[in-house]
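K.L.:
Take this structure, written in structure tokens, and hold onto it; I'll ask about it next.
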Amino acid sequence: MTSTPLTIGFIPLVDAAALIVAVDKGFTAAEGLNVTLVREVSWSNVRDKLNIGLFDAAHLLAPVAIASTLGLSQVKVPIVAPFNLGLNGNAITVSPALYAAIMGEADGDPADPMVTAKALARVVAARRKAGGEPLTFGMTFPFSTHNYQLRFWMAAGGVDPDEDVRLVVLPPPYMVDSLASGHVDAFCVGAPWNSVAVDLGVGHILHFVSDILERAAEKVLAVREPWALENPDVLATLTRAHGKAAAFIENPHNRAEVAGILAMPGRIDVDPEVIRRTLDGRLKISPDGTMRQSERYLLVGREGAARPDPVQAAWLYAQMVRWGQAAYSPEALERAKQVFRPDLYDAALGAPASPLQDMKDGVGAFDGAPFDPNDIAAHLGSVAIKHRLS
Amino acid sequence: MAADSSFKIVIVDESPIRAAILKEGLRDAGFTSVEHIPEMHNLLARIYALDPDVILIDLENPSRDILEQMFQVSRAVRRPIAMFVDQSDAASIQQSVEAGVSAYIVDGLKKERIKPILDLCISRFNAFAKLQNELDRTKSALEDRKILDRAKGLLMKAKGLTEEEAYVLIRSTAMREKKKIGEIAQSIVTAAELLK
């Protein structure tokens with residue numbers, strides 16, 4: 001049997017786990033695939049190399065897959081995602097000074113994102129009154145869940161992310177330095193960078209993003225739509241190998257081995273213990289050693305996390321419209337939903353036996369009415385702060 | 001080309017040597033207004049201040065994602081776009097990505113005016129990569145040489161051989177085991193360190 005060569009790009013983050021384990025643990029080889037993983041330094045590189053065909057597939061920010069399909073990020077290349085590599089996994093970390101300021105204004109339980117968002121609004125107002133510079137928040141990419149999670153959270157408390165604070169893009173490896181030097185006051189990023197900031201004593205984890213949305217599609221396995229049409233069998237085997245890898249990762253008995261695989265040079269290349277804590281959802285949130293455990297920190301396959309959910313694609317598209325990255329049209333909404341392909345997942349791995357979600361809408365946002373993926377207008381009508389394209 | 005010399009070009013590259021090579025090439029081609037930004041600190045503010053027509057960035061640079069933010073609604077500056085916007089020239093886009101460089105241009109500039117800059121980037125980046133490879137090979141050859149000398153020294157001392165005899169022993173062992181001379185030399189040095 002000859003094996004099919006594939007080149008797949010990734011960014012060294014814990015949510016690339018299913019891809020890396022699929023390859024390094026031999027699940028792809030068992031399916032007759034000969035995968036070469038290529039580690040990249042920027043999402044722009046991953047996107048462009050996927051778009052022009054240097055990569056057959058990629059670990060990609062879910063919103064980038066949608067933006068690329070809709071032609072929002074310069075070039076229009078339709079992408080499909082047969083497998084969701086992870087739900088959630090990010091956190092919001094703030095400087096000790098901002099942490100103290102928010103706690104000083106908090107009226108209620110600071111574990112509640114509405115309490116912290118309203119406190120942030122008061123901190124922002126006080127700074128403006130005192131003639132201070134606006135607060136600066138770092139995030140990883142314009143089309144990123146980090147961007148939308150930060151915006152959704154602060155806007156719920158009355159902070160306009162485009163008028164009241166500055167949002168800046170920073171590559172994840174620069175986040176901690178930027179927080180330490182005061183270049184940013186806070187950031188939203190994936191593992192391991194929040195933990196690194198806490199370990200160095202320069203940041204407090206204020207929220208896991210799962211506090212803001214219970215289910216947010218974070219990274220997807222992305223391929224070009226024409227490639228998917230030309231190579232249906234290869235795509236099915238690749239998806240199946242990912243399903244096996246995700247199941248392997250989610251088995252607690254395998255966690256130490258998984259952390260070891262991911263920690264290797266050429267992969268994520270950080271302390272396996274930090275990776276382990278991320279997979280277990282057990283993070284130190286304060287320099288004083290306070291720990292926090294969450295079942296929802298990062299989901300790689302469990303609770304149906306790996307099956308692409310068009311509801312989440314619709315939510316991401318709604319955020320693009322809300323913040324002026326995209327104009328609204330019913331056609332674009334349909335197109336965005338079609339990027340997430342549960343049918344391809346089911347064809348490779350079998351349909352789930354029963355609906356898994358008991359939450360109101362498949363997204364589980366902490367604020368607002370249940371999200372209706374067929375009625376973006378209602379969602380946008382219900383929020384006070386927005387910057388839609390005129 | 002004369003009109004193009006008014007182009008303001010910014011090079012974002014952490015390699016000062018490669019940036020210098022590129023800058024020189026651009027100057028020779030008549031582009032006199034070229035600035036190099038060597039580090040990411042305050043990258044956007046510096047680019048806004050320079051207000052370039054063309055931005056060139058190496059693909060090994062994580063700061064590339066920072067540039068993408070400029071595509072968002074921006075009040076302060078002219079809105080730049082990526083070279084990828086024009087899909088008609090797929091070949092040169094592919095060449096530039098393979099060479100490791102990306103270009104961002106201000107909206108409205110004609111593709112024909114950018115083409116010579118991009119071509120120059122591709123050739124200079126490839127030339128730099130070739131230089132780098134040669135340097136790496138030279139370094140590794142030098143390293144092999146040092147290890148071979150140490151291995152010969154160890155054999156001469158342990159077995160009372162002359163330098164010539166030590167070399168012949170290493171070479172014949174390499175031939176017999178179908179390995180490189182450098183690998184056998186390395187094994188001898190490693191073994192000697194373990195047996196210390």
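Labels for the structure tokens follow display order: chains A, B, ..., residues from 1 in each chain, ligands from 1.
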Could I get the residues of chain B with an atom no further than 6 Å from an atom of chain A, each paired with its nearest atom pair and that distance in Å to one decimal, using only C-alpha atoms, sorted by chain and residue number, as CSV?

P.N.:
residue,atom,partner,partner_atom,distance
B:Pro62,CA,A:Ser42,CA,5.1
B:Asp65,CA,A:Ser44,CA,5.9
B:Ile66,CA,A:Val169,CA,5.2
B:Gln69,CA,A:Pro142,CA,5.9
B:Val85,CA,A:Val75,CA,5.3

K.L.:
Could you tell me, as a PDB file with N, CA and C atoms, in the first residue's frame, which residues of region 74-219 of chain A DSSP assigns to strand (DSSP E or B) when given the backbone?

P.N.:
ATOM      1  N   ILE A  79     -13.002  27.547   2.363  1.00  0.00           N
ATOM      2  CA  ILE A  79     -12.392  26.583   3.274  1.00  0.00           C
ATOM      3  C   ILE A  79     -13.492  25.724   3.868  1.00  0.00           C
ATOM      4  N   VAL A  80     -13.211  24.453   4.121  1.00  0.00           N
ATOM      5  CA  VAL A  80     -14.132  23.638   4.899  1.00  0.00           C
ATOM      6  C   VAL A  80     -13.397  23.016   6.083  1.00  0.00           C
ATOM      7  N   ALA A  81     -14.166  22.808   7.157  1.00  0.00           N
ATOM      8  CA  ALA A  81     -13.614  22.250   8.390  1.00  0.00           C
ATOM      9  C   ALA A  81     -14.389  20.989   8.754  1.00  0.00           C
ATOM     10  N   PRO A  82     -13.775  19.806   8.559  1.00  0.00           N
ATOM     11  CA  PRO A  82     -14.463  18.561   8.890  1.00  0.00           C
ATOM     12  C   PRO A  82     -14.287  18.156  10.347  1.00  0.00           C
ATOM     13  N   PHE A  83     -13.402  18.880  11.059  1.00  0.00           N
ATOM     14  CA  PHE A  83     -13.076  18.474  12.430  1.00  0.00           C
ATOM     15  C   PHE A  83     -12.746  19.717  13.237  1.00  0.00           C
ATOM     16  N   ASN A  84     -13.349  19.811  14.417  1.00  0.00           N
ATOM     17  CA  ASN A  84     -13.064  20.936  15.303  1.00  0.00           C
ATOM     18  C   ASN A  84     -11.952  20.518  16.276  1.00  0.00           C
ATOM     19  N   LEU A  85     -10.817  21.206  16.218  1.00  0.00           N
ATOM     20  CA  LEU A  85      -9.664  20.777  17.015  1.00  0.00           C
ATOM     21  C   LEU A  85      -9.809  21.115  18.499  1.00  0.00           C
ATOM     22  N   GLY A  86     -10.641  22.107  18.794  1.00  0.00           N
ATOM     23  CA  GLY A  86     -10.816  22.432  20.207  1.00  0.00           C
ATOM     24  C   GLY A  86     -11.916  23.434  20.437  1.00  0.00           C
ATOM     25  N   LEU A  87     -12.574  23.299  21.607  1.00  0.00           N
ATOM     26  CA  LEU A  87     -13.504  24.325  22.067  1.00  0.00           C
ATOM     27  C   LEU A  87     -12.828  25.033  23.232  1.00  0.00           C
ATOM     28  N   ASN A  88     -12.987  26.356  23.301  1.00  0.00           N
ATOM     29  CA  ASN A  88     -12.479  27.171  24.407  1.00  0.00           C
ATOM     30  C   ASN A  88     -10.944  27.111  24.460  1.00  0.00           C
ATOM     31  N   ASN A  90      -8.865  29.543  25.842  1.00  0.00           N
ATOM     32  CA  ASN A  90      -8.199  30.829  26.084  1.00  0.00           C
ATOM     33  C   ASN A  90      -8.522  31.334  27.486  1.00  0.00           C
ATOM     34  N   ALA A  91      -7.792  32.366  27.888  1.00  0.00           N
ATOM     35  CA  ALA A  91      -8.087  33.022  29.157  1.00  0.00           C
ATOM     36  C   ALA A  91      -7.775  34.503  29.022  1.00  0.00           C
ATOM     37  N   ILE A  92      -8.397  35.292  29.891  1.00  0.00           N
ATOM     38  CA  ILE A  92      -8.105  36.733  29.941  1.00  0.00           C
ATOM     39  C   ILE A  92      -7.214  36.978  31.154  1.00  0.00           C
ATOM     40  N   THR A  93      -6.046  37.515  30.903  1.00  0.00           N
ATOM     41  CA  THR A  93      -5.091  37.801  31.970  1.00  0.00           C
ATOM     42  C   THR A  93      -4.894  39.314  32.050  1.00  0.00           C
ATOM     43  N   VAL A  94      -4.881  39.837  33.287  1.00  0.00           N
ATOM     44  CA  VAL A  94      -4.715  41.281  33.461  1.00  0.00           C
ATOM     45  C   VAL A  94      -3.507  41.569  34.345  1.00  0.00           C
ATOM     46  N   THR A 136      -4.987  49.225  27.246  1.00  0.00           N
ATOM     47  CA  THR A 136      -4.676  48.488  26.031  1.00  0.00           C
ATOM     48  C   THR A 136      -4.793  46.985  26.285  1.00  0.00           C
ATOM     49  N   PHE A 137      -5.534  46.303  25.409  1.00  0.00           N
ATOM     50  CA  PHE A 137      -5.734  44.854  25.503  1.00  0.00           C
ATOM     51  C   PHE A 137      -5.069  44.175  24.302  1.00  0.00           C
ATOM     52  N   GLY A 138      -4.291  43.153  24.566  1.00  0.00           N
ATOM     53  CA  GLY A 138      -3.658  42.383  23.495  1.00  0.00           C
ATOM     54  C   GLY A 138      -4.514  41.188  23.110  1.00  0.00           C
ATOM     55  N   MET A 139      -4.553  40.900  21.821  1.00  0.00           N
ATOM     56  CA  MET A 139      -5.199  39.666  21.335  1.00  0.00           C
ATOM     57  C   MET A 139      -4.408  39.187  20.122  1.00  0.00           C
ATOM     58  N   ARG A 166      -7.998  50.313  23.813  1.00  0.00           N
ATOM     59  CA  ARG A 166      -7.316  49.942  22.575  1.00  0.00           C
ATOM     60  C   ARG A 166      -7.183  48.424  22.525  1.00  0.00           C
ATOM     61  N   LEU A 167      -7.499  47.847  21.380  1.00  0.00           N
ATOM     62  CA  LEU A 167      -7.257  46.418  21.161  1.00  0.00           C
ATOM     63  C   LEU A 167      -6.125  46.288  20.152  1.00  0.00           C
ATOM     64  N   VAL A 168      -5.070  45.598  20.527  1.00  0.00           N
ATOM     65  CA  VAL A 168      -3.937  45.469  19.611  1.00  0.00           C
ATOM     66  C   VAL A 168      -3.595  43.999  19.382  1.00  0.00           C
ATOM     67  N   VAL A 169      -3.149  43.697  18.181  1.00  0.00           N
ATOM     68  CA  VAL A 169      -2.712  42.336  17.864  1.00  0.00           C
ATOM     69  C   VAL A 169      -1.274  42.154  18.341  1.00  0.00           C
ATOM     70  N   ALA A 186      -3.640  44.100  29.618  1.00  0.00           N
ATOM     71  CA  ALA A 186      -4.329  42.812  29.704  1.00  0.00           C
ATOM     72  C   ALA A 186      -4.204  42.128  28.355  1.00  0.00           C
ATOM     73  N   PHE A 187      -4.490  40.816  28.331  1.00  0.00           N
ATOM     74  CA  PHE A 187      -4.546  40.140  27.040  1.00  0.00           C
ATOM     75  C   PHE A 187      -5.460  38.944  27.101  1.00  0.00           C
ATOM     76  N   CYS A 188      -5.864  38.484  25.928  1.00  0.00           N
ATOM     77  CA  CYS A 188      -6.615  37.242  25.805  1.00  0.00           C
ATOM     78  C   CYS A 188      -5.834  36.345  24.862  1.00  0.00           C
ATOM     79  N   VAL A 189      -5.415  35.180  25.342  1.00  0.00           N
ATOM     80  CA  VAL A 189      -4.555  34.298  24.558  1.00  0.00           C
ATOM     81  C   VAL A 189      -4.765  32.862  25.016  1.00  0.00           C
ATOM     82  N   GLY A 190      -4.299  31.915  24.212  1.00  0.00           N
ATOM     83  CA  GLY A 190      -4.395  30.500  24.573  1.00  0.00           C
ATOM     84  C   GLY A 190      -3.204  30.055  25.411  1.00  0.00           C
ATOM     85  N   HIS A 204      -2.659  38.272  36.486  1.00  0.00           N
ATOM     86  CA  HIS A 204      -3.697  37.467  37.139  1.00  0.00           C
ATOM     87  C   HIS A 204      -4.637  36.980  36.048  1.00  0.00           C
ATOM     88  N   ILE A 205      -4.993  35.693  36.072  1.00  0.00           N
ATOM     89  CA  ILE A 205      -6.027  35.223  35.143  1.00  0.00           C
ATOM     90  C   ILE A 205      -7.376  35.668  35.706  1.00  0.00           C
ATOM     91  N   LEU A 206      -8.055  36.539  34.963  1.00  0.00           N
ATOM     92  CA  LEU A 206      -9.332  37.080  35.424  1.00  0.00           C
ATOM     93  C   LEU A 206     -10.466  36.124  35.064  1.00  0.00           C
ATOM     94  N   HIS A 207     -10.426  35.615  33.835  1.00  0.00           N
ATOM     95  CA  HIS A 207     -11.465  34.680  33.397  1.00  0.00           C
ATOM     96  C   HIS A 207     -10.885  33.628  32.468  1.00  0.00           C
ATOM     97  N   PHE A 208     -11.431  32.427  32.553  1.00  0.00           N
ATOM     98  CA  PHE A 208     -11.302  31.480  31.459  1.00  0.00           C
ATOM     99  C   PHE A 208     -12.357  31.926  30.442  1.00  0.00           C
ATOM    100  N   LEU A 213     -18.285  32.292  27.075  1.00  0.00           N
ATOM    101  CA  LEU A 213     -19.062  31.404  26.211  1.00  0.00           C
ATOM    102  C   LEU A 213     -18.763  29.971  26.623  1.00  0.00           C
ATOM    103  N   ALA A 217     -15.987  27.586  19.217  1.00  0.00           N
ATOM    104  CA  ALA A 217     -15.080  26.866  18.325  1.00  0.00           C
ATOM    105  C   ALA A 217     -13.789  27.667  18.230  1.00  0.00           C
ATOM    106  N   GLU A 218     -12.678  27.067  18.622  1.00  0.00           N
ATOM    107  CA  GLU A 218     -11.431  27.812  18.721  1.00  0.00           C
ATOM    108  C   GLU A 218     -10.552  27.597  17.482  1.00  0.00           C
ATOM    109  N   LYS A 219     -10.118  26.371  17.261  1.00  0.00           N
ATOM    110  CA  LYS A 219      -9.308  26.054  16.079  1.00  0.00           C
ATOM    111  C   LYS A 219      -9.985  24.901  15.336  1.00  0.00           C
TER     112      LYS A 219
END

K.L.:
Please provide the set of residues having any atom within 9 Å of Gly89 (chain A), restricted to only C-alpha atoms, with same-chain residues fewer than 6 positions apart removed, written as an mmCIF file with C-alpha atoms, in the first residue's frame.

P.N.:
data_model
loop_
_atom_site.group_PDB
_atom_site.id
_atom_site.type_symbol
_atom_site.label_atom_id
_atom_site.label_comp_id
_atom_site.auth_asym_id
_atom_site.auth_seq_id
_atom_site.Cartn_x
_atom_site.Cartn_y
_atom_site.Cartn_z
ATOM 1 C CA VAL A 14 -1.997 23.179 23.033
ATOM 2 C CA ASP A 15 -5.150 23.221 20.897
ATOM 3 C CA VAL A 189 -4.555 34.298 24.558
ATOM 4 C CA GLY A 190 -4.395 30.500 24.573
ATOM 5 C CA ALA A 191 -2.149 28.185 26.544
ATOM 6 C CA PHE A 208 -11.302 31.480 31.459
ATOM 7 C CA VAL A 209 -13.091 32.238 28.191
ATOM 8 C CA SER A 210 -15.489 29.417 29.028
ATOM 9 C CA GLU A 218 -11.431 27.812 18.721
ATOM 10 C CA THR A 278 -3.918 22.959 30.304
ATOM 11 C CA LEU A 279 -5.354 19.602 29.222
ATOM 12 C CA GLY A 281 -8.052 22.522 33.023
ATOM 13 C CA ARG A 296 -14.706 23.548 30.420
ATOM 14 C CA TYR A 297 -11.250 25.104 30.085
ATOM 15 C CA LEU A 298 -10.305 23.250 26.882
ATOM 16 C CA LEU A 299 -12.349 20.528 25.209
#

K.L.:
Considering only C-alpha atoms, return as a count of residues only whatever protein or nucleic-acid residues lie within 10 Å of Leu120 (chain B), sequence-local ones (same chain, fewer than 6 positions apart) excluded.

P.N.:
6

K.L.:
Using CA of Ala241 (chain A) and CA of Leu6 (chain A) as the two end points, give the distance in Å to one decimal.

P.N.:
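Interatomic distance, CA of Ala241 (chain A) to CA of Leu6 (chain A): 13.2 Å.
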
K.L.:
Between CA of Pro272 (chain A) and CA of Ala259 (chain A), measure the distance and give it in Å to one decimal.

P.N.:
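Spanning CA of Pro272 (chain A) to CA of Ala259 (chain A) is a straight-line distance of 5.1 Å.
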
K.L.:
Identify which of the residues B:Ala151, B:Gln132, B:Pro52, B:Ser92 lies closest to Ala191 (chain B), counting only C-alpha atoms when measuring atom-to-atom distances.

P.N.:
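Distance minimum relative to Ala191 (chain B) lands on B:Ala151.
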
K.L.:
May I have the residues within 12 Å of Asp149 (chain B) as a list in words, using only C-alpha atoms and disregarding those fewer than 5 positions away in the same chain?

P.N.:
Leu142, Glu143, Asp144, Leu154, Leu155, Met156, Glu163, Glu164, Ala166, Tyr167, Ile170, Ile181, Gly182, Ala185, Gln186, Ile188 and Val189 of chain B

K.L.:
List as a list in words the protein and nucleic acid residues near region 147-160 of chain A, meaning an atom at most 6 Å away when only C-alpha atoms are counted, but skip any in the same chain fewer than 4 places from it.

P.N.:
Ala117, Lys118, Ala121, Met139 and Asp164 of chain A

K.L.:
Measuring atom to atom with only C-alpha atoms, identify which of A:Ala236, A:Ala246, A:Val176, A:Lys386 is nearest to Asp343 (chain A).

P.N.:
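Closest to Asp343 (chain A) of all the choices is A:Ala236.
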
K.L.:
Using DSSP on the backbone coordinates, identify the residues of region 46-99 of chain A assigned to helix (DSSP H, G or I); present them as a list in words.

P.N.:
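The helix (DSSP H, G or I) residues within region 46-99 of chain A come out as Val46, Arg47, Asp48, Lys49, Leu50, Asn51, Ala62, Pro63, Val64, Ala65, Ile66, Ala67, Ser68, Thr69, Leu70, Pro96, Ala97, Leu98 and Tyr99 of chain A.
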